[in-house]
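Participant: Next up, entry16.cif (mmCIF, C-alpha atoms).
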```cif
data_start
#
loop_
_atom_site.label_atom_id
_atom_site.label_comp_id
_atom_site.auth_asym_id
_atom_site.auth_seq_id
_atom_site.Cartn_x
_atom_site.Cartn_y
_atom_site.Cartn_z
CA MET D 1 -3.95 7.29 -27.12
CA ALA D 2 -4.80 3.86 -25.69
CA ASP D 3 -1.82 4.07 -23.32
CA LEU D 4 -2.95 7.48 -22.09
CA LEU D 5 -6.49 6.23 -21.53
CA GLU D 6 -5.16 3.17 -19.68
CA CYS D 7 -3.01 5.40 -17.47
CA LEU D 8 -5.98 7.64 -16.65
CA VAL D 9 -8.04 4.58 -15.68
CA GLN D 10 -5.18 3.39 -13.47
CA ILE D 11 -4.92 6.80 -11.79
CA ARG D 12 -8.64 6.61 -11.08
CA ALA D 13 -8.12 3.18 -9.48
CA LEU D 14 -5.28 4.60 -7.34
CA ARG D 15 -7.74 7.19 -6.06
CA GLU D 16 -9.93 4.40 -4.61
CA ALA D 17 -7.16 2.86 -2.49
CA PRO D 18 -7.54 5.00 0.65
CA LYS D 19 -11.30 4.34 0.69
CA ARG D 20 -10.75 0.58 0.44
CA LEU D 21 -8.23 0.67 3.28
CA GLU D 22 -10.54 2.83 5.41
CA ALA D 23 -13.31 0.26 4.93
CA LEU D 24 -10.98 -2.49 6.18
CA ALA D 25 -9.94 -0.31 9.13
CA ARG D 26 -13.60 0.13 10.12
CA ARG D 27 -14.35 -3.58 9.70
CA PHE D 28 -11.49 -5.04 11.76
CA SER D 29 -10.22 -4.17 15.23
CA VAL D 30 -6.72 -2.84 15.84
CA GLU D 31 -5.91 -6.10 17.61
CA VAL D 32 -6.67 -8.06 14.44
CA TRP D 33 -4.48 -5.68 12.40
CA LEU D 34 -1.53 -6.22 14.75
CA VAL D 35 -1.51 -10.03 14.88
CA ARG D 36 1.13 -11.71 12.73
CA PRO D 37 0.14 -14.81 10.79
CA ALA D 38 1.42 -18.04 12.32
CA GLY D 39 4.80 -19.16 11.09
CA GLU D 40 5.86 -16.40 8.77
CA GLY D 41 4.91 -13.10 7.28
CA ARG D 42 3.95 -9.79 8.69
CA SER D 43 0.84 -8.41 10.25
CA ALA D 44 -1.72 -6.48 8.23
CA ALA D 45 -0.51 -3.36 10.10
CA GLU D 46 3.04 -3.98 8.87
CA GLU D 47 1.76 -4.40 5.30
CA LEU D 48 -0.11 -1.10 5.62
CA ALA D 49 3.05 0.58 6.96
CA ALA D 50 4.95 -0.71 3.92
CA LEU D 51 2.27 0.77 1.65
CA ALA D 52 2.68 4.15 3.34
CA GLU D 53 6.48 4.01 2.97
CA ALA D 54 6.21 2.94 -0.67
CA GLU D 55 3.86 5.82 -1.42
CA LEU D 56 6.48 8.30 -0.29
CA LEU D 57 9.03 6.68 -2.57
CA TRP D 58 6.66 6.56 -5.57
CA GLY D 59 6.27 10.30 -5.14
CA VAL D 60 10.04 10.77 -5.19
CA ARG D 61 10.27 8.86 -8.46
CA ILE D 62 7.44 10.82 -10.08
CA ARG D 63 8.93 14.15 -8.99
CA ALA D 64 12.40 13.16 -10.19
CA ILE D 65 11.08 12.21 -13.62
CA LEU D 66 9.13 15.46 -13.90
CA THR D 67 12.03 17.69 -12.90
CA ALA D 68 15.01 16.20 -14.73
CA GLU D 69 15.81 14.63 -18.07
CA ARG D 70 15.98 10.84 -17.63
CA PRO D 71 17.07 10.98 -13.97
CA LEU D 72 18.54 8.02 -12.16
CA LEU D 73 15.69 6.81 -9.95
CA PRO D 74 16.41 5.56 -6.45
CA GLY D 75 15.89 1.88 -5.90
CA PHE D 76 13.96 0.97 -2.81
CA ASP D 77 12.36 -1.76 -0.82
CA PRO D 78 9.68 -0.32 1.46
CA ASP D 79 9.71 -3.55 3.46
CA THR D 80 13.16 -2.82 4.86
CA LEU D 81 12.03 0.34 6.65
CA VAL D 82 9.05 -1.36 8.28
CA GLY D 83 10.30 -2.71 11.58
CA HIS D 84 13.40 -0.49 11.49
CA PRO D 85 13.87 1.32 14.82
CA VAL D 86 13.34 4.74 13.20
CA SER D 87 9.91 3.76 11.90
CA GLY D 88 8.53 2.65 15.27
CA GLU D 89 5.70 0.20 15.75
CA PRO D 90 3.15 0.02 12.94
CA LEU D 91 -0.12 1.59 14.05
CA PRO D 92 -2.97 1.19 11.56
CA ALA D 93 -4.61 4.59 12.17
CA ILE D 94 -1.33 6.49 11.82
CA ASP D 95 -0.10 4.50 8.82
CA LEU D 96 -3.48 4.83 7.11
CA SER D 97 -3.31 8.59 7.66
CA ARG D 98 0.22 8.68 6.20
CA PHE D 99 -0.84 6.59 3.21
CA ARG D 100 -3.92 8.76 2.59
CA ALA D 101 -1.90 11.99 2.74
CA ARG D 102 0.94 10.72 0.56
CA ARG D 103 -1.41 9.19 -2.00
CA GLY D 104 -3.36 12.44 -2.09
CA GLU D 105 -0.19 14.42 -2.81
CA ASN D 106 0.84 11.99 -5.55
CA LEU D 107 -2.61 12.11 -7.14
CA GLU D 108 -2.59 15.91 -7.13
CA LEU D 109 0.70 15.80 -8.98
CA LEU D 110 -0.51 13.15 -11.45
CA ASP D 111 -3.71 15.14 -12.07
CA ARG D 112 -1.59 18.07 -13.27
CA CYS D 113 0.48 15.93 -15.65
CA SER D 114 -0.02 16.36 -19.37
CA ALA D 115 0.06 13.43 -21.79
CA ALA D 116 3.67 14.39 -22.55
CA ASP D 117 4.50 14.38 -18.82
CA LEU D 118 3.11 10.87 -18.43
CA GLU D 119 5.51 9.72 -21.16
CA ARG D 120 8.61 11.23 -19.50
CA ARG D 121 11.12 8.60 -18.35
CA GLY D 122 13.66 7.94 -15.65
CA ARG D 123 16.43 5.36 -15.41
CA LEU D 124 16.67 2.51 -12.92
CA GLU D 125 20.03 1.35 -11.55
CA GLU D 126 19.05 -2.25 -12.28
CA GLY D 127 18.14 -1.34 -15.86
CA GLY D 128 15.04 -0.11 -17.57
CA GLU D 129 13.56 3.31 -18.22
CA PRO D 130 10.07 3.55 -16.75
CA SER D 131 7.79 6.39 -17.73
CA ILE D 132 5.48 8.08 -15.25
CA ALA D 133 2.69 6.00 -16.79
CA ASP D 134 4.76 2.89 -16.00
CA VAL D 135 5.21 4.08 -12.40
CA VAL D 136 1.43 4.47 -12.15
CA ALA D 137 0.94 0.90 -13.40
CA ILE D 138 3.52 -0.40 -10.92
CA MET D 139 1.83 1.50 -8.08
CA LEU D 140 -1.51 -0.08 -8.96
CA ALA D 141 0.02 -3.57 -9.16
CA ALA D 142 1.66 -3.03 -5.74
CA ASP D 143 -1.68 -1.84 -4.30
CA THR D 144 -3.44 -4.92 -5.63
CA GLU D 145 -0.85 -7.28 -4.18
CA ARG D 146 -0.67 -5.61 -0.75
CA PHE D 147 -4.44 -5.15 -0.46
CA GLY D 148 -4.93 -8.84 -1.17
CA THR D 149 -2.41 -9.73 1.50
CA ILE D 150 -3.90 -7.31 4.02
CA ARG D 151 -7.46 -8.52 3.42
CA GLU D 152 -6.38 -12.17 3.60
CA TYR D 153 -4.51 -11.64 6.89
CA LEU D 154 -7.39 -9.71 8.44
CA GLU D 155 -10.08 -12.19 7.41
CA LEU D 156 -7.99 -15.16 8.46
CA ARG D 157 -7.17 -13.67 11.85
CA ALA D 158 -10.73 -12.44 12.46
CA GLY D 159 -12.09 -15.88 11.51
CA HIS D 160 -9.62 -17.53 13.85
CA ALA D 161 -10.60 -15.21 16.72
CA GLU D 162 -14.30 -15.87 16.04
CA ALA D 163 -13.74 -19.64 16.08
CA GLU D 164 -11.83 -19.35 19.37
CA SER D 165 -14.67 -17.29 20.79
CA ARG D 166 -17.26 -19.94 19.79
CA ARG D 167 -15.09 -22.72 21.28
CA SER D 168 -14.78 -20.94 24.60
CA GLY D 169 -18.38 -19.71 24.56
CA PRO D 170 -20.26 -18.48 27.63
CA GLY D 171 -19.65 -20.53 30.74
CA GLN D 172 -16.71 -22.45 29.26
CA GLU D 173 -13.10 -22.08 30.13
CA GLU D 174 -10.72 -21.23 27.32
CA GLY D 175 -9.59 -24.45 25.69
CA ASP D 176 -12.52 -26.44 27.17
CA ASP D 177 -13.95 -28.41 24.27
CA ALA D 178 -16.89 -29.81 26.23
#
```
Let me see the file written as C-alpha cells.

Facilitator:
Amino acid sequence: MADLLECLVQIRALREAPKRLEALARRFSVEVWLVRPAGEGRSAAEELAALAEAELLWGVRIRAILTAERPLLPGFDPDTLVGHPVSGEPLPAIDLSRFRARRGENLELLDRCSAADLERRGRLEEGGEPSIADVVAIMLAADTERFGTIREYLELRAGHAEAESRRSGPGQEEGDDA
C-alpha cells in the first residue's frame, strides 16, 4: 500500500515536469539555452534534448513491461543520441514540445495502470528486474538531476551575460573596464 501511494505521488510529480521546463523556457532566451558552459559539459538545450530522448525510451520500457511477461528491457543512454547527426541541433522549443508530448503519452499510460500493473517487472541486461513503479521512480530521479543541471546552466549563463552587459554599459566599448 505504501509503495503504491509513493508511486502515485511520483507520477503526480512527473506531471509537473513540463510546466517547470516551460517556466524556464519563458524566463531565459534561446541564446542562453544554447551556450555551453566553459570547459566541459553540454548546453541547457542539449540537456533538454536528452530529456526528450529519454522520455521516449522510458515509454518503451513501460510498454514492454505491460505487454510481456518479464521482458528484456533495452538498455539506453539518451546522451549518446544528442549531438548525433540524425538528431540535428538541439532547439529548446522543439525539444520541449517533444518532451511534453512524450511525457503526456507516458502519463496517460501510467494513469490507466492498476496497482497490479505497477508491480509488473521487466529484466535489464545488466541485471535487475525493475517494476513499472521502479521505472517511475527512476524517471523522477532523472528529471530532478537534469532539471538541476539545466537550471544551473541557465542561471550561470544568464548571470554571466548580465555581468558582461554591466561591464560594457552604455557608452563603453566591450571589454573597457573604465

Participant: Can you pull out the residues contacting Glu47 in chain D? Cut-off 8 Å, using only C-alpha atoms, and skip same-chain residues under 3 positions away; I want them as a VMD selection string.

Facilitator: chain D and resid 42 to 44 50 to 51 146 149 to 150

Participant: The PyMOL selection byres ((chain D and resi 16) around 12) on the file shown: which residues, as an MDAnalysis selection string?

Facilitator: chainID D and resid 9:15 17:23 100 103:104 107 140 143:144 147

Participant: Once the PyMOL selection byres ((chain D and resi 76) around 12) has been applied to the shown file, what residues remain in the selection, as an MDAnalysis selection string?

Facilitator: chainID D and resid 50 53:58 60:61 73:75 77:81 124:126

Participant: Please report the interatomic distance between CA of Pro71 in chain D and CA of Arg123 in chain D in Å with one decimal.

Facilitator: 5.8 Å

Participant: Please report the interatomic distance between CA of Pro92 in chain D and CA of Glu152 in chain D in Å with one decimal.

Facilitator: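 About the pair CA of Pro92 in chain D and CA of Glu152 in chain D: they are 15.9 Å apart.
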
Participant: Work out how far CA of Ala137 in chain D is from CA of Asp117 in chain D, in Å to one decimal.

Facilitator: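 One can read the CA of Asp117 in chain D to CA of Ala137 in chain D distance as 15.0 Å.
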
Participant: From the options D:Ala49, D:Ile65, D:Ala101, D:Leu8, which residue's atoms come nearest to Glu129 in chain D, counting only C-alpha atoms?

Facilitator: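 Looking only at the distances to Glu129 in chain D, the closest residue turns out to be D:Ile65.
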
Participant: Could you list the residues chosen by the PyMOL selection byres ((chain D and resi 115) around 10) in this structure as a list in words?

Facilitator: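 That selection, the PyMOL selection byres ((chain D and resi 115) around 10), comes back as Met1, Asp3, Leu4, Leu5, Cys7, Leu8, Arg112, Cys113, Ser114, Ala116, Asp117, Leu118, Glu119, Arg120 and Ala133 of chain D.
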
Participant: For each of D:Ile62, D:Ile138, D:Ala25, D:Leu48, take the minimum atom-to-atom distance to Asn106 in chain D, counting only C-alpha atoms, then give the residue where this is smallest.

Facilitator: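 Among D:Ile62, D:Ile138, D:Ala25, D:Leu48, it is D:Ile62 that comes nearest to Asn106 in chain D.
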
Participant: Pick the closest to Trp33 in chain D from D:Leu66, D:Leu91, D:Met139, D:Leu109: which is it, counting only C-alpha atoms?

Facilitator: D:Leu91

Participant: Quick one: residues within 7 Å of range 29-32 of chain D, only C-alpha atoms, excluding same-chain residues fewer than 4 positions away - as an mmCIF file with C-alpha atoms, in the frame of the given file?

Facilitator:
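around.cif, freshly written:
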```cif
data_model
loop_
_atom_site.group_PDB
_atom_site.id
_atom_site.type_symbol
_atom_site.label_atom_id
_atom_site.label_comp_id
_atom_site.auth_asym_id
_atom_site.auth_seq_id
_atom_site.Cartn_x
_atom_site.Cartn_y
_atom_site.Cartn_z
ATOM 1 C CA PRO D 92 -2.970 1.190 11.560
ATOM 2 C CA LEU D 154 -7.390 -9.710 8.440
ATOM 3 C CA ARG D 157 -7.170 -13.670 11.850
ATOM 4 C CA ALA D 158 -10.730 -12.440 12.460
#
```

Participant: Identify which of the residues D:Ala45, D:Arg63, D:Ala52, D:Arg121 lies closest to Ser97 in chain D, counting all atoms listed in the file when measuring atom-to-atom distances.

Facilitator: D:Ala52
